[in-house]
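Next comes target35.pdb, with PDB, C-alpha atoms and all ligand atoms.
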```pdb
ATOM      1  CA  MET Y   1     -26.166   1.513   9.854
ATOM      2  CA  ASP Y   2     -23.823   4.432  10.386
ATOM      3  CA  ILE Y   3     -20.131   4.164   9.604
ATOM      4  CA  LYS Y   4     -19.132   3.230  13.179
ATOM      5  CA  GLU Y   5     -21.593   0.316  13.173
ATOM      6  CA  LYS Y   6     -20.498  -0.823   9.726
ATOM      7  CA  ILE Y   7     -16.852  -0.761  10.799
ATOM      8  CA  GLU Y   8     -17.687  -2.735  13.946
ATOM      9  CA  LYS Y   9     -19.523  -5.307  11.854
ATOM     10  CA  LEU Y  10     -16.577  -5.548   9.446
ATOM     11  CA  SER Y  11     -14.242  -6.194  12.383
ATOM     12  CA  LYS Y  12     -16.530  -8.869  13.800
ATOM     13  CA  ASP Y  13     -17.050 -10.615  10.455
ATOM     14  CA  SER Y  14     -13.405 -10.502   9.410
ATOM     15  CA  GLY Y  15     -11.475 -10.905  12.648
ATOM     16  CA  LEU Y  16      -9.443  -7.881  11.541
ATOM     17  CA  ASP Y  17      -9.544  -4.774  13.681
ATOM     18  CA  PHE Y  18     -10.999  -2.188  11.298
ATOM     19  CA  SER Y  19     -11.375   0.357  14.107
ATOM     20  CA  ILE Y  20      -7.689   1.233  13.616
ATOM     21  CA  ILE Y  21      -8.785   3.443  10.721
ATOM     22  CA  PHE Y  22     -10.085   5.925  13.296
ATOM     23  CA  ASN Y  23      -6.851   5.897  15.321
ATOM     24  CA  VAL Y  24      -4.121   6.333  12.728
ATOM     25  CA  SER Y  25      -5.143   9.867  11.807
ATOM     26  CA  ASP Y  26      -7.639  12.554  12.698
ATOM     27  CA  VAL Y  27      -9.174  12.561   9.227
ATOM     28  CA  LYS Y  28     -12.937  12.467   8.858
ATOM     29  CA  ILE Y  29     -13.952   9.218   7.148
ATOM     30  CA  THR Y  30     -17.213   9.278   5.223
ATOM     31  CA  ASP Y  31     -19.128   6.289   3.922
ATOM     32  CA  ALA Y  32     -20.458   7.030   0.440
ATOM     33  CA  LYS Y  33     -21.626   5.481  -2.749
ATOM     34  CA  LEU Y  34     -18.683   6.144  -5.055
ATOM     35  CA  HIS Y  35     -18.209   5.989  -8.820
ATOM     36  CA  ASP Y  36     -18.345   2.403 -10.023
ATOM     37  CA  THR Y  37     -14.584   2.141 -10.622
ATOM     38  CA  ILE Y  38     -13.388   3.136  -7.131
ATOM     39  CA  TYR Y  39     -13.612   1.939  -3.518
ATOM     40  CA  GLY Y  40     -12.044   4.955  -1.852
ATOM     41  CA  LEU Y  41     -11.063   8.540  -2.470
ATOM     42  CA  ALA Y  42      -9.072  11.136  -0.527
ATOM     43  CA  SER Y  43      -9.660  14.850  -0.705
ATOM     44  CA  TYR Y  44      -7.970  17.573   1.300
ATOM     45  CA  LYS Y  45     -10.970  17.617   3.648
ATOM     46  CA  GLU Y  46     -11.871  13.978   4.191
ATOM     47  CA  VAL Y  47     -11.595  10.379   3.035
ATOM     48  CA  PHE Y  48     -14.530   8.725   1.320
ATOM     49  CA  ILE Y  49     -14.982   4.961   1.361
ATOM     50  CA  ASP Y  50     -17.656   2.806  -0.232
ATOM     51  CA  ILE Y  51     -18.161   0.132   2.427
ATOM     52  CA  ASN Y  52     -21.110  -1.553   0.719
ATOM     53  CA  LYS Y  53     -19.128  -2.012  -2.486
ATOM     54  CA  MET Y  54     -16.151  -3.370  -0.546
ATOM     55  CA  VAL Y  55     -18.323  -5.946   1.220
ATOM     56  CA  ASN Y  56     -19.867  -7.045  -2.064
ATOM     57  CA  ARG Y  57     -16.797  -7.165  -4.265
ATOM     58  CA  ILE Y  58     -13.475  -7.526  -2.433
ATOM     59  CA  ASP Y  59     -11.999  -9.352   0.539
ATOM     60  CA  TYR Y  60     -11.580  -7.914   4.042
ATOM     61  CA  GLU Y  61      -7.821  -7.523   3.903
ATOM     62  CA  LEU Y  62      -7.939  -5.576   0.668
ATOM     63  CA  SER Y  63     -10.755  -3.416   2.050
ATOM     64  CA  LEU Y  64      -8.707  -2.470   5.104
ATOM     65  CA  PHE Y  65      -5.651  -1.877   2.941
ATOM     66  CA  ILE Y  66      -7.573   0.462   0.621
ATOM     67  CA  ILE Y  67      -8.915   2.512   3.529
ATOM     68  CA  LEU Y  68      -5.389   2.892   4.939
ATOM     69  CA  HIS Y  69      -4.121   3.785   1.457
ATOM     70  CA  GLU Y  70      -6.641   6.628   1.185
ATOM     71  CA  ILE Y  71      -5.791   7.859   4.690
ATOM     72  CA  ALA Y  72      -2.142   7.988   3.579
ATOM     73  CA  HIS Y  73      -3.112  10.194   0.623
ATOM     74  CA  TYR Y  74      -4.982  12.517   2.936
ATOM     75  CA  LYS Y  75      -2.013  12.726   5.295
ATOM     76  CA  ARG Y  76       0.302  13.642   2.434
ATOM     77  CA  ILE Y  77      -2.053  16.274   1.029
ATOM     78  CA  THR Y  78      -2.420  17.986   4.398
ATOM     79  CA  LYS Y  79       1.295  17.727   5.139
ATOM     80  CA  MET Y  80       2.462  19.256   1.850
ATOM     81  CA  GLY Y  81      -0.434  21.731   1.776
ATOM     82  CA  PHE Y  82      -3.333  21.620  -0.617
ATOM     83  CA  SER Y  83      -2.001  24.366  -2.897
ATOM     84  CA  LYS Y  84       1.201  22.441  -3.555
ATOM     85  CA  TYR Y  85      -0.826  19.306  -4.190
ATOM     86  CA  LEU Y  86      -3.111  21.160  -6.591
ATOM     87  CA  ASP Y  87      -0.097  22.724  -8.382
ATOM     88  CA  ASN Y  88       1.186  19.253  -9.126
ATOM     89  CA  ILE Y  89      -2.007  17.542 -10.219
ATOM     90  CA  THR Y  90      -3.036  20.478 -12.407
ATOM     91  CA  ASN Y  91       0.455  21.017 -13.798
ATOM     92  CA  GLU Y  92       0.679  21.801 -17.524
ATOM     93  CA  ASP Y  93       3.598  19.380 -17.842
ATOM     94  CA  ILE Y  94       2.363  15.817 -18.149
ATOM     95  CA  ILE Y  95       5.641  14.456 -16.743
ATOM     96  CA  VAL Y  96       5.266  16.524 -13.558
ATOM     97  CA  PHE Y  97       1.655  15.316 -13.305
ATOM     98  CA  LEU Y  98       2.516  11.637 -13.831
ATOM     99  CA  ASP Y  99       5.628  11.626 -11.632
ATOM    100  CA  PHE Y 100       3.742  13.305  -8.821
ATOM    101  CA  ILE Y 101       0.786  10.931  -8.863
ATOM    102  CA  ILE Y 102       2.989   7.848  -9.112
ATOM    103  CA  GLN Y 103       5.133   9.054  -6.210
ATOM    104  CA  GLU Y 104       1.992   9.613  -4.136
ATOM    105  CA  GLU Y 105       0.653   6.157  -5.054
ATOM    106  CA  ILE Y 106       3.927   4.490  -4.082
ATOM    107  CA  PHE Y 107       3.915   6.352  -0.780
ATOM    108  CA  ALA Y 108       0.273   5.448  -0.027
ATOM    109  CA  ASP Y 109       0.891   1.755  -0.771
ATOM    110  CA  ARG Y 110       4.021   1.696   1.397
ATOM    111  CA  TRP Y 111       2.359   3.508   4.274
ATOM    112  CA  ALA Y 112      -0.739   1.300   4.112
ATOM    113  CA  SER Y 113       1.398  -1.874   3.987
ATOM    114  CA  LEU Y 114       3.433  -0.806   6.981
ATOM    115  CA  VAL Y 115       0.484   0.311   9.101
ATOM    116  CA  PHE Y 116      -1.460  -2.835   8.116
ATOM    117  CA  TYR Y 117       1.432  -4.935   9.418
ATOM    118  CA  LEU Y 118       2.012  -2.912  12.591
ATOM    119  CA  LYS Y 119      -1.663  -2.847  13.545
ATOM    120  CA  THR Y 120      -2.816  -6.333  12.534
ATOM    121  CA  GLY Y 121       0.409  -8.319  12.848
ATOM    122  CA  LYS Y 122      -0.242  -9.657   9.339
ATOM    123  CA  GLU Y 123       1.714  -8.887   6.228
ATOM    124  CA  PHE Y 124      -0.405  -7.515   3.393
ATOM    125  CA  PRO Y 125       0.569  -9.402   0.212
ATOM    126  CA  ARG Y 126       2.787  -7.213  -1.912
ATOM    127  CA  ASN Y 127       1.361  -8.649  -5.126
ATOM    128  CA  LYS Y 128      -2.002  -7.139  -4.211
ATOM    129  CA  THR Y 129      -0.506  -3.626  -4.117
ATOM    130  CA  GLN Y 130       0.088  -1.576  -7.265
ATOM    131  CA  ARG Y 131       3.867  -2.180  -7.231
ATOM    132  CA  LEU Y 132       4.548   1.029  -9.159
ATOM    133  CA  ASP Y 133       8.250   0.891  -8.341
ATOM    134  CA  ASP Y 134       8.361  -1.866 -10.961
ATOM    135  CA  LYS Y 135       9.170  -0.322 -14.360
ATOM    136  CA  CYS Y 136       6.636  -2.428 -16.231
ATOM    137  CA  ASN Y 137       3.755  -1.682 -13.843
ATOM    138  CA  ARG Y 138       4.670   1.967 -13.846
ATOM    139  CA  GLU Y 139       4.574   2.211 -17.634
ATOM    140  CA  LYS Y 140       1.201   0.491 -17.744
ATOM    141  CA  TYR Y 141      -0.104   2.887 -15.116
ATOM    142  CA  GLU Y 142       1.253   5.888 -17.020
ATOM    143  CA  ARG Y 143      -0.517   4.798 -20.195
ATOM    144  CA  ARG Y 144      -3.765   4.424 -18.285
ATOM    145  CA  LEU Y 145      -3.417   7.692 -16.376
ATOM    146  CA  GLY Y 146      -1.949   9.782 -19.206
ATOM    147  CA  PRO Y 147      -5.261  10.740 -20.847
ATOM    148  CA  SER Y 148      -6.653  12.152 -17.576
ATOM    149  CA  HIS Y 149      -3.950  14.841 -17.630
ATOM    150  CA  GLU Y 150      -6.253  16.753 -19.989
ATOM    151  CA  VAL Y 151      -8.990  16.670 -17.335
ATOM    152  CA  TYR Y 152      -6.815  18.145 -14.566
ATOM    153  CA  LYS Y 153      -4.440  20.417 -16.495
ATOM    154  CA  GLY Y 154      -4.724  24.084 -15.505
ATOM    155  CA  LYS Y 155      -7.736  23.524 -13.267
ATOM    156  CA  THR Y 156      -8.669  25.588 -10.189
ATOM    157  CA  VAL Y 157      -9.821  24.586  -6.686
ATOM    158  CA  TYR Y 158     -13.373  25.113  -7.860
ATOM    159  CA  ASP Y 159     -12.876  22.720 -10.800
ATOM    160  CA  TYR Y 160     -11.246  20.228  -8.436
ATOM    161  CA  GLU Y 161     -14.356  20.247  -6.225
ATOM    162  CA  GLU Y 162     -16.515  19.724  -9.312
ATOM    163  CA  ILE Y 163     -14.393  16.767 -10.482
ATOM    164  CA  LEU Y 164     -14.721  15.229  -6.991
ATOM    165  CA  LYS Y 165     -18.492  15.424  -7.260
ATOM    166  CA  ASN Y 166     -18.370  13.093 -10.259
ATOM    167  CA  TYR Y 167     -16.823  10.416  -8.052
ATOM    168  CA  VAL Y 168     -18.853  10.867  -4.873
ATOM    169  CA  ILE Y 169     -22.336   9.840  -5.948
ATOM    170  CA  ASP Y 170     -24.151   9.816  -2.631
ATOM    171  CA  VAL Y 171     -22.949  10.349   0.950
ATOM    172  CA  ARG Y 172     -24.545   7.846   3.322
TER     173      ARG Y 172
HETATM  174 ZN    ZN B 201      -4.056   5.992  -4.334
END
```

Using structure tokens, write down the structure that the file contains.
Ligand SMILES: [Zn+2]
Amino acid sequence: MDIKEKIEKLSKDSGLDFSIIFNVSDVKITDAKLHDTIYGLASYKEVFIDINKMVNRIDYELSLFIILHEIAHYKRITKMGFSKYLDNITNEDIIVFLDFIIQEEIFADRWASLVFYLKTGKEFPRNKTQRLDDKCNREKYERRLGPSHEVYKGKTVYDYEEILKNYVIDVR
């Protein structure tokens, strides 16, 4: 099945209109087998989603929310410009790196929640989002994300593309 057919099937099976993911932005959405730990990933060129993994492991609402969340990341990257984005995620200063990523995560969750509500008429449960505006959640997230600063620090566009390849295992 190609991505259009999979999305149609998801809509039919769930009663949620997944086709909205093609209408809320002009981003190219690619179905791919992704690294075991992730369901979606945004680059400055496209959004990758692992539909098979979503179907097997998480519920429909969360699947739709995650796709919208990744679209939000893409929108932000293209709006601010990729070089500014790269400056922040490769910044030598870990505080700049962490603050930037957390701000982007908060934005993506807010945007996805709002669009989910406007397009489906249902409220996406806030306790299923990352809630990084909460001090405790934020600190936990920072401890988890902190070590990856070493991976991104001082890297170039070329390195960025190489890092992406570790997460996108196989494009379907
Ligand atoms: Zn995110």

Quiz item: Nearest to ligand ZN 201 (chain B) among Y:Leu34, Y:Val157, Y:Val168, Y:Ala108, with distances taken over all atoms listed in the file: which residue is it?
Solution: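 Selected residue with least distance to ligand ZN 201 (chain B): Y:Ala108.
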
Practice problem: For the file shown, report as an MDAnalysis selection string the outcome of the PyMOL selection byres (((chain Y and resi 132) around 10) and not hetatm) at residue level. | Solution: chainID Y and resid 102:103 105:107 109 129:131 133:142

Exercise. Apply the PyMOL selection byres (((chain Y and resi 49) around 8) and not hetatm) to the file shown and report the selected residues as a list of chain:residue names.
Key: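 Answer for the PyMOL selection byres (((chain Y and resi 49) around 8) and not hetatm): Y:Ile29, Y:Thr30, Y:Asp31, Y:Ala32, Y:Lys33, Y:Leu34, Y:Tyr39, Y:Gly40, Y:Leu41, Y:Val47, Y:Phe48, Y:Asp50, Y:Ile51, Y:Ile67.
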
Quiz item: Which residue gives the smallest distance to ligand ZN 201 (chain B) among Y:Ile169, Y:Ile7, Y:Ile20, Y:Ile66, with all atoms listed in the file counted?
Solution: Y:Ile66

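When only C-alpha atoms are used to compute distances to Y:Phe65, the closest of the residues Y:Val24, Y:Ile3, Y:Ala112, Y:Leu98 turns out to be Y:Ala112.
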
Exercise. Choose the residue, out of Y:Phe116, Y:Tyr167, Y:Tyr160, Y:Ala42, that has the smallest atom-to-atom separation from ligand ZN 201 (chain B); count all atoms listed in the file.
Key: Y:Ala42

Exercise. Would you kindly translate the PyMOL selection byres (((chain Y and resi 146) around 12) and not hetatm) into the concrete residues it picks from this file, as a list in words?
Key: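 Applied to this file, the PyMOL selection byres (((chain Y and resi 146) around 12) and not hetatm) selects Ile89, Asp93, Ile94, Ile95, Val96, Phe97, Leu98, Asp99, Ile101, Ile102, Arg138, Glu139, Lys140, Tyr141, Glu142, Arg143, Arg144, Leu145, Pro147, Ser148, His149, Glu150, Val151, Tyr152 and Lys153 of chain Y.
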
Which residues are close to stretch 26-28 of chain Y, i.e. within 9 Å by all atoms listed in the file, leaving aside same-chain residues fewer than 5 positions away? Reply as a compact mmCIF listing (two decimals) with C-alpha atoms, in the frame of the given file.
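Written output follows (selection23.txt):
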```txt
# COMPACT_ATOMS: atom_id res chain seq x y z
CA LYS Y 45 -10.97 17.62 3.65
CA GLU Y 46 -11.87 13.98 4.19
CA VAL Y 47 -11.60 10.38 3.04
CA PHE Y 48 -14.53 8.72 1.32
CA ILE Y 71 -5.79 7.86 4.69
CA TYR Y 74 -4.98 12.52 2.94
CA LYS Y 75 -2.01 12.73 5.30
```

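If you look at atom CA of Y:Asn23 and atom CA of Y:His69, they are 14.3 Å away from each other.
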
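Ranking Y:Asp59, Y:Glu162, Y:Glu70, Y:Asp2 by their shortest atom-to-atom distance to ligand ZN 201 (chain B), with all atoms listed in the file included, puts Y:Glu70 first.
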
Self-check item: Minimum-distance residue to ligand ZN 201 (chain B), chosen among Y:Ser43, Y:Ser83, Y:Lys165, Y:Gly154 (using only C-alpha atoms and all ligand atoms)
Solution: Y:Ser43

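The space separating atom CA of Y:Arg172 from atom CA of Y:Met80 comes to 29.4 Å.
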
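Picture a line from atom ZN of ligand ZN 201 (chain B) to atom CA of Y:Leu64; it runs 13.5 Å.
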